[in-house]
$ cat work-v2.txt   # compact mmCIF, C-alpha atoms
# COMPACT_ATOMS: atom_id res chain seq x y z
CA MET A 1 -14.13 7.18 -19.91
CA THR A 2 -13.61 5.42 -23.21
CA HIS A 3 -16.31 3.38 -24.80
CA PRO A 4 -15.95 0.51 -27.27
CA THR A 5 -16.58 1.38 -30.87
CA ALA A 6 -19.94 0.14 -32.08
CA SER A 7 -19.66 -2.60 -34.67
CA VAL A 8 -21.46 -2.46 -37.97
CA PRO A 9 -24.12 -5.18 -38.20
CA GLY A 10 -22.98 -7.92 -40.54
CA ALA A 11 -19.43 -6.56 -40.80
CA ARG A 12 -16.57 -8.99 -40.49
CA PRO A 13 -14.01 -8.36 -37.75
CA ALA A 14 -10.73 -6.95 -39.01
CA ALA A 15 -8.10 -9.59 -39.67
CA PRO A 16 -5.10 -9.40 -37.33
CA SER A 17 -1.98 -7.82 -38.77
CA ALA A 18 1.04 -9.92 -39.70
CA SER A 19 2.85 -8.59 -36.63
CA GLU A 20 -0.08 -9.51 -34.37
CA ARG A 21 -0.26 -13.03 -35.86
CA ALA A 22 3.44 -13.54 -35.25
CA TYR A 23 3.13 -12.16 -31.72
CA GLN A 24 0.21 -14.40 -30.80
CA HIS A 25 1.90 -17.48 -32.29
CA LEU A 26 5.13 -16.84 -30.42
CA LYS A 27 3.50 -15.98 -27.13
CA ARG A 28 1.31 -19.07 -27.20
CA ALA A 29 4.31 -21.25 -28.08
CA ILE A 30 6.30 -19.81 -25.17
CA LEU A 31 3.50 -20.07 -22.60
CA GLU A 32 2.67 -23.63 -23.68
CA GLN A 33 6.34 -24.67 -23.55
CA VAL A 34 6.48 -25.43 -27.27
CA TYR A 35 9.46 -23.06 -27.18
CA PRO A 36 11.05 -23.95 -23.83
CA GLY A 37 13.25 -21.64 -21.82
CA GLY A 38 16.83 -21.55 -23.07
CA LEU A 39 15.92 -22.18 -26.71
CA LEU A 40 17.41 -19.83 -29.32
CA VAL A 41 15.11 -19.30 -32.31
CA SER A 42 15.89 -17.32 -35.44
CA GLU A 43 13.69 -14.76 -37.15
CA GLY A 44 13.73 -16.97 -40.24
CA GLU A 45 12.38 -19.99 -38.32
CA ILE A 46 9.57 -17.92 -36.84
CA ALA A 47 8.75 -16.30 -40.18
CA GLU A 48 8.47 -19.72 -41.80
CA ALA A 49 6.32 -21.09 -38.97
CA THR A 50 3.91 -18.14 -39.06
CA GLY A 51 3.90 -17.46 -42.81
CA VAL A 52 4.87 -13.82 -42.47
CA SER A 53 7.98 -11.82 -43.39
CA ARG A 54 10.81 -11.03 -41.01
CA THR A 55 9.75 -7.43 -40.37
CA PRO A 56 6.52 -8.32 -38.50
CA VAL A 57 8.42 -11.10 -36.72
CA ARG A 58 10.95 -8.52 -35.51
CA GLU A 59 8.10 -6.30 -34.28
CA ALA A 60 6.56 -9.24 -32.43
CA LEU A 61 9.88 -10.11 -30.82
CA LEU A 62 10.34 -6.54 -29.60
CA ARG A 63 6.96 -6.74 -27.85
CA LEU A 64 7.87 -10.04 -26.25
CA GLU A 65 11.24 -8.68 -25.14
CA ALA A 66 9.44 -5.77 -23.45
CA GLU A 67 7.27 -8.34 -21.63
CA GLY A 68 10.36 -10.19 -20.42
CA LEU A 69 9.69 -13.41 -22.33
CA VAL A 70 12.63 -13.26 -24.77
CA LYS A 71 16.05 -11.66 -25.07
CA LEU A 72 17.09 -10.50 -28.54
CA TYR A 73 20.54 -11.10 -29.99
CA PRO A 74 21.19 -9.16 -33.23
CA LYS A 75 21.85 -11.42 -36.23
CA ARG A 76 21.36 -14.53 -34.07
CA GLY A 77 17.73 -14.54 -33.03
CA ALA A 78 15.78 -14.58 -29.80
CA LEU A 79 16.54 -16.51 -26.64
CA ILE A 80 13.47 -17.76 -24.82
CA ARG A 81 14.13 -16.59 -21.28
CA PRO A 82 14.22 -19.45 -18.77
CA VAL A 83 12.13 -19.01 -15.64
CA SER A 84 14.57 -17.94 -12.94
CA ALA A 85 14.50 -18.72 -9.23
CA ARG A 86 14.09 -14.99 -8.58
CA GLU A 87 11.08 -14.79 -10.90
CA ILE A 88 9.43 -17.73 -9.16
CA ALA A 89 10.01 -16.15 -5.74
CA ASP A 90 8.68 -12.77 -6.90
CA VAL A 91 5.55 -14.25 -8.46
CA VAL A 92 4.81 -16.38 -5.39
CA GLU A 93 5.23 -13.37 -3.10
CA ALA A 94 2.93 -11.27 -5.28
CA ARG A 95 0.37 -14.06 -5.39
CA ARG A 96 0.32 -14.41 -1.62
CA LEU A 97 -0.12 -10.67 -1.10
CA VAL A 98 -2.94 -10.32 -3.62
CA GLU A 99 -4.77 -13.62 -3.27
CA LEU A 100 -4.83 -13.79 0.52
CA HIS A 101 -6.05 -10.19 0.74
CA ALA A 102 -8.73 -10.96 -1.86
CA ALA A 103 -9.75 -14.17 -0.09
CA GLU A 104 -10.26 -12.25 3.15
CA GLN A 105 -12.31 -9.56 1.41
CA VAL A 106 -14.68 -11.96 -0.38
CA TRP A 107 -15.50 -14.09 2.66
CA PRO A 108 -18.57 -12.05 3.72
CA ARG A 109 -20.03 -12.37 0.20
CA ARG A 110 -18.63 -15.77 -0.69
CA ALA A 111 -21.98 -17.09 -1.88
CA ALA A 112 -21.74 -14.77 -4.90
CA ILE A 113 -18.66 -16.54 -6.29
CA ARG A 114 -19.33 -20.10 -5.16
CA ASP A 115 -20.99 -21.27 -8.39
CA ASP A 116 -18.31 -19.69 -10.59
CA LEU A 117 -15.55 -21.41 -8.63
CA ALA A 118 -17.37 -24.74 -8.87
CA ARG A 119 -17.69 -24.27 -12.63
CA TRP A 120 -13.97 -23.58 -13.04
CA LEU A 121 -13.13 -26.60 -10.91
CA ASP A 122 -15.31 -28.73 -13.18
CA GLU A 123 -13.45 -27.26 -16.18
CA MET A 124 -10.16 -28.22 -14.57
CA ARG A 125 -11.34 -31.78 -14.04
CA ARG A 126 -12.56 -32.13 -17.62
CA ALA A 127 -9.30 -30.72 -19.00
CA HIS A 128 -7.26 -33.08 -16.84
CA ALA A 129 -9.34 -36.08 -17.93
CA ALA A 130 -8.77 -35.08 -21.56
CA GLY A 131 -5.04 -34.59 -21.02
CA ASP A 132 -5.32 -30.94 -22.07
CA VAL A 133 -2.70 -29.20 -19.93
CA THR A 134 -3.25 -25.80 -21.54
CA ALA A 135 -6.99 -25.85 -20.80
CA LEU A 136 -6.30 -27.11 -17.29
CA MET A 137 -3.94 -24.22 -16.62
CA ALA A 138 -6.37 -21.67 -18.08
CA ALA A 139 -9.19 -22.94 -15.83
CA ASP A 140 -6.83 -22.93 -12.84
CA ARG A 141 -5.96 -19.27 -13.44
CA ALA A 142 -9.62 -18.38 -13.94
CA PHE A 143 -10.48 -20.01 -10.58
CA HIS A 144 -8.02 -17.78 -8.75
CA ALA A 145 -8.81 -14.67 -10.79
CA THR A 146 -12.49 -15.03 -9.90
CA VAL A 147 -11.63 -14.55 -6.22
CA VAL A 148 -9.30 -11.62 -6.90
CA GLU A 149 -11.78 -9.79 -9.12
CA ALA A 150 -14.63 -10.34 -6.66
CA ALA A 151 -12.65 -8.55 -3.95
CA GLY A 152 -13.50 -5.29 -5.71
CA ASN A 153 -10.07 -3.64 -5.84
CA GLU A 154 -9.50 -2.78 -9.49
CA ILE A 155 -5.83 -1.89 -9.02
CA LEU A 156 -5.03 -5.23 -7.38
CA ALA A 157 -7.07 -7.04 -10.03
CA GLU A 158 -5.06 -5.29 -12.75
CA LEU A 159 -1.80 -6.22 -11.02
CA TYR A 160 -2.93 -9.82 -10.79
CA HIS A 161 -3.88 -9.84 -14.46
CA ARG A 162 -0.36 -8.65 -15.32
CA LEU A 163 0.99 -11.75 -13.55
CA ARG A 164 -1.15 -13.97 -15.76
CA ASP A 165 1.40 -14.75 -18.47
CA ARG A 166 4.11 -15.57 -15.95
CA GLN A 167 1.71 -17.80 -14.02
CA LEU A 168 0.54 -19.59 -17.15
CA ARG A 169 4.09 -20.28 -18.23
CA MET A 170 5.12 -21.57 -14.81
CA GLY A 171 1.92 -23.52 -14.40
CA GLU A 172 2.31 -25.24 -17.77
CA ALA A 173 5.78 -26.37 -16.73
CA SER A 174 4.62 -27.65 -13.34
CA PHE A 175 1.70 -29.64 -14.76
CA ARG A 176 3.76 -31.10 -17.61
CA LEU A 177 6.97 -31.89 -15.75
CA SER A 178 5.79 -32.83 -12.26
CA PRO A 179 3.83 -36.11 -12.33
CA GLY A 180 0.94 -36.12 -9.91
CA TRP A 181 0.79 -32.35 -9.36
CA ALA A 182 -2.41 -32.03 -11.38
CA GLU A 183 -4.23 -34.46 -9.06
CA VAL A 184 -2.91 -32.64 -6.00
CA ALA A 185 -3.94 -29.28 -7.42
CA LEU A 186 -7.46 -30.55 -8.15
CA THR A 187 -7.75 -31.87 -4.59
CA GLU A 188 -6.55 -28.56 -3.17
CA HIS A 189 -9.00 -26.54 -5.26
CA ALA A 190 -11.80 -28.81 -4.08
CA GLY A 191 -10.58 -28.17 -0.52
CA GLN A 192 -10.79 -24.43 -1.07
CA LEU A 193 -14.34 -24.79 -2.33
CA ALA A 194 -15.25 -26.94 0.69
CA ALA A 195 -13.77 -24.33 3.01
CA LEU A 196 -15.76 -21.63 1.27
CA ASP A 197 -18.92 -23.65 1.97
CA GLY A 198 -18.08 -23.82 5.67
CA ASP A 199 -18.34 -21.24 8.42
CA ASP A 200 -14.65 -20.84 9.33
CA PRO A 201 -12.88 -17.99 7.51
CA ARG A 202 -9.52 -19.16 8.87
CA ALA A 203 -9.94 -22.53 7.17
CA TRP A 204 -10.65 -20.75 3.88
CA LEU A 205 -7.57 -18.51 4.16
CA ASP A 206 -5.39 -21.44 5.18
CA ALA A 207 -6.56 -23.46 2.17
CA VAL A 208 -5.76 -20.60 -0.21
CA GLY A 209 -2.34 -19.97 1.33
CA ALA A 210 -1.38 -23.66 1.46
CA HIS A 211 -2.18 -24.09 -2.22
CA ILE A 212 0.04 -21.16 -3.21
CA ASP A 213 2.88 -22.51 -1.05
CA ASN A 214 2.57 -26.02 -2.45
CA ALA A 215 2.57 -24.70 -6.01
CA ALA A 216 5.72 -22.73 -5.20
CA THR A 217 7.41 -25.88 -3.85
CA VAL A 218 6.64 -27.75 -7.08
CA LEU A 219 8.01 -24.89 -9.18
CA ARG A 220 11.27 -24.80 -7.23
CA THR A 221 11.83 -28.52 -7.81
CA LEU A 222 11.61 -27.98 -11.57
CA ARG A 223 14.68 -25.76 -11.63

$ encode --input "work-v2.txt" --output "structure tokens"
Amino acid sequence: MTHPTASVPGARPAAPSASERAYQHLKRAILEQVYPGGLLVSEGEIAEATGVSRTPVREALLRLEAEGLVKLYPKRGALIRPVSAREIADVVEARRLVELHAAEQVWPRRAAIRDDLARWLDEMRRAHAAGDVTALMAADRAFHATVVEAAGNEILAELYHRLRDRQLRMGEASFRLSPGWAEVALTEHAGQLAALDGDDPRAWLDAVGAHIDNAATVLRTLR
């Protein structure tokens, strides 16, 4: 087992490398739809936006290509990969498999996660009221991840975490481009919490599954 390295009291954390800064800037811009799918951006544009040279930008782009977020074209730049119908279908299928299994597993000990879910729902409401789509999406993901992690299967939790970037990107698009979906999503999350407070496990599973299906329907209409 590895252990985190102890920090020296009073020491400042190491500054991120130029490559890491470029990577974080690009990834955030892609997930938040600042760089929408289908956009071709050059290394020079990215270097100017991040204040680093082209070499760390190239390193950042290679990482993002490996994650499936961009496609590199030599001497032209990077194409921000659009979200495909196949990707949406695959993510929805994976979500149903993981989240419904997790929801079933946590039912006997649902009281342990109830307060955390209520807190994330409150965060979603505050973000929506402030018009902060990025914060709304982050709280939405945290709500669902809380259930998955509480199920106790570390492999499934890791798999779900690997879906996070794809879900954030899709979720940003759905909240920004589909008027009214945020209100529906808030209502459905409140319904899940109400079902968790009840005594019918079927109602809880149905609420979880219906929300995933409705989110999938919204995503398909955006294509």

$ atom_distance --input "work-v2.txt" --atom1 "atom CA of Ser53 of chain A" --atom2 "atom CA of Arg21 of chain A"
11.2 Å

$ closest_residue --input "work-v2.txt" --among "A:Leu61, A:Leu168, A:Ala127, A:Ala112" --to "Ala182 of chain A" --atoms "all atoms listed in the file"
A:Ala127

$ residues_around --input "work-v2.txt" --residues "Phe175 of chain A" --least-positions-apart "6" --cutoff "9 Å" --atoms "all atoms listed in the file" --output "short mmCIF file (atom, residue, chain, number, x, y, z; two decimals) with C-alpha atoms, in the coordinates of the input"
data_model
loop_
_atom_site.label_atom_id
_atom_site.label_comp_id
_atom_site.auth_asym_id
_atom_site.auth_seq_id
_atom_site.Cartn_x
_atom_site.Cartn_y
_atom_site.Cartn_z
CA VAL A 133 -2.70 -29.20 -19.93
CA LEU A 136 -6.30 -27.11 -17.29
CA MET A 137 -3.94 -24.22 -16.62
CA TRP A 181 0.79 -32.35 -9.36
CA ALA A 182 -2.41 -32.03 -11.38
#

$ atom_distance --input "work-v2.txt" --atom1 "atom CA of Ala173 of chain A" --atom2 "atom CA of Asp115 of chain A"
28.5 Å

$ atom_distance --input "work-v2.txt" --atom1 "atom CA of Pro108 of chain A" --atom2 "atom CA of Arg95 of chain A"
21.1 Å

$ residues_around --input "work-v2.txt" --residues "Leu121 of chain A" --least-positions-apart "3" --cutoff "10 Å" --atoms "all atoms listed in the file" --output "list in words"
Asp115, Asp116, Leu117, Ala118, Met124, Arg125, Arg126, Ala127, Leu136, Ala139, Asp140, Ala142, Phe143, Leu186, Thr187, His189, Ala190 and Leu193 of chain A

$ residues_around --input "work-v2.txt" --residues "Leu177 of chain A" --least-positions-apart "2" --cutoff "12 Å" --atoms "all atoms listed in the file" --output "VMD selection string"
chain A and resid 33 133 170 to 175 179 to 182 218 to 223

$ closest_residue --input "work-v2.txt" --among "A:Ala111, A:Leu100, A:Ala94, A:Ala195" --to "Tyr160 of chain A" --atoms "all atoms listed in the file"
A:Ala94

$ closest_residue --input "work-v2.txt" --among "A:Arg166, A:His211, A:His101, A:Arg86" --to "Leu69 of chain A" --atoms "all atoms listed in the file"
A:Arg166

$ residues_around --input "work-v2.txt" --residues "Ala78 of chain A" --least-positions-apart "2" --cutoff "10 Å" --atoms "all atoms listed in the file" --output "mmCIF file with C-alpha atoms, in the frame of the given file"
data_model
loop_
_atom_site.group_PDB
_atom_site.id
_atom_site.type_symbol
_atom_site.label_atom_id
_atom_site.label_comp_id
_atom_site.auth_asym_id
_atom_site.auth_seq_id
_atom_site.Cartn_x
_atom_site.Cartn_y
_atom_site.Cartn_z
ATOM 1 C CA GLY A 38 16.830 -21.550 -23.070
ATOM 2 C CA LEU A 39 15.920 -22.180 -26.710
ATOM 3 C CA LEU A 40 17.410 -19.830 -29.320
ATOM 4 C CA VAL A 41 15.110 -19.300 -32.310
ATOM 5 C CA SER A 42 15.890 -17.320 -35.440
ATOM 6 C CA GLU A 43 13.690 -14.760 -37.150
ATOM 7 C CA ILE A 46 9.570 -17.920 -36.840
ATOM 8 C CA ARG A 58 10.950 -8.520 -35.510
ATOM 9 C CA LEU A 61 9.880 -10.110 -30.820
ATOM 10 C CA LEU A 62 10.340 -6.540 -29.600
ATOM 11 C CA LEU A 64 7.870 -10.040 -26.250
ATOM 12 C CA GLU A 65 11.240 -8.680 -25.140
ATOM 13 C CA LEU A 69 9.690 -13.410 -22.330
ATOM 14 C CA VAL A 70 12.630 -13.260 -24.770
ATOM 15 C CA LYS A 71 16.050 -11.660 -25.070
ATOM 16 C CA LEU A 72 17.090 -10.500 -28.540
ATOM 17 C CA TYR A 73 20.540 -11.100 -29.990
ATOM 18 C CA PRO A 74 21.190 -9.160 -33.230
ATOM 19 C CA LYS A 75 21.850 -11.420 -36.230
ATOM 20 C CA ARG A 76 21.360 -14.530 -34.070
ATOM 21 C CA ILE A 80 13.470 -17.760 -24.820
ATOM 22 C CA ARG A 81 14.130 -16.590 -21.280
#
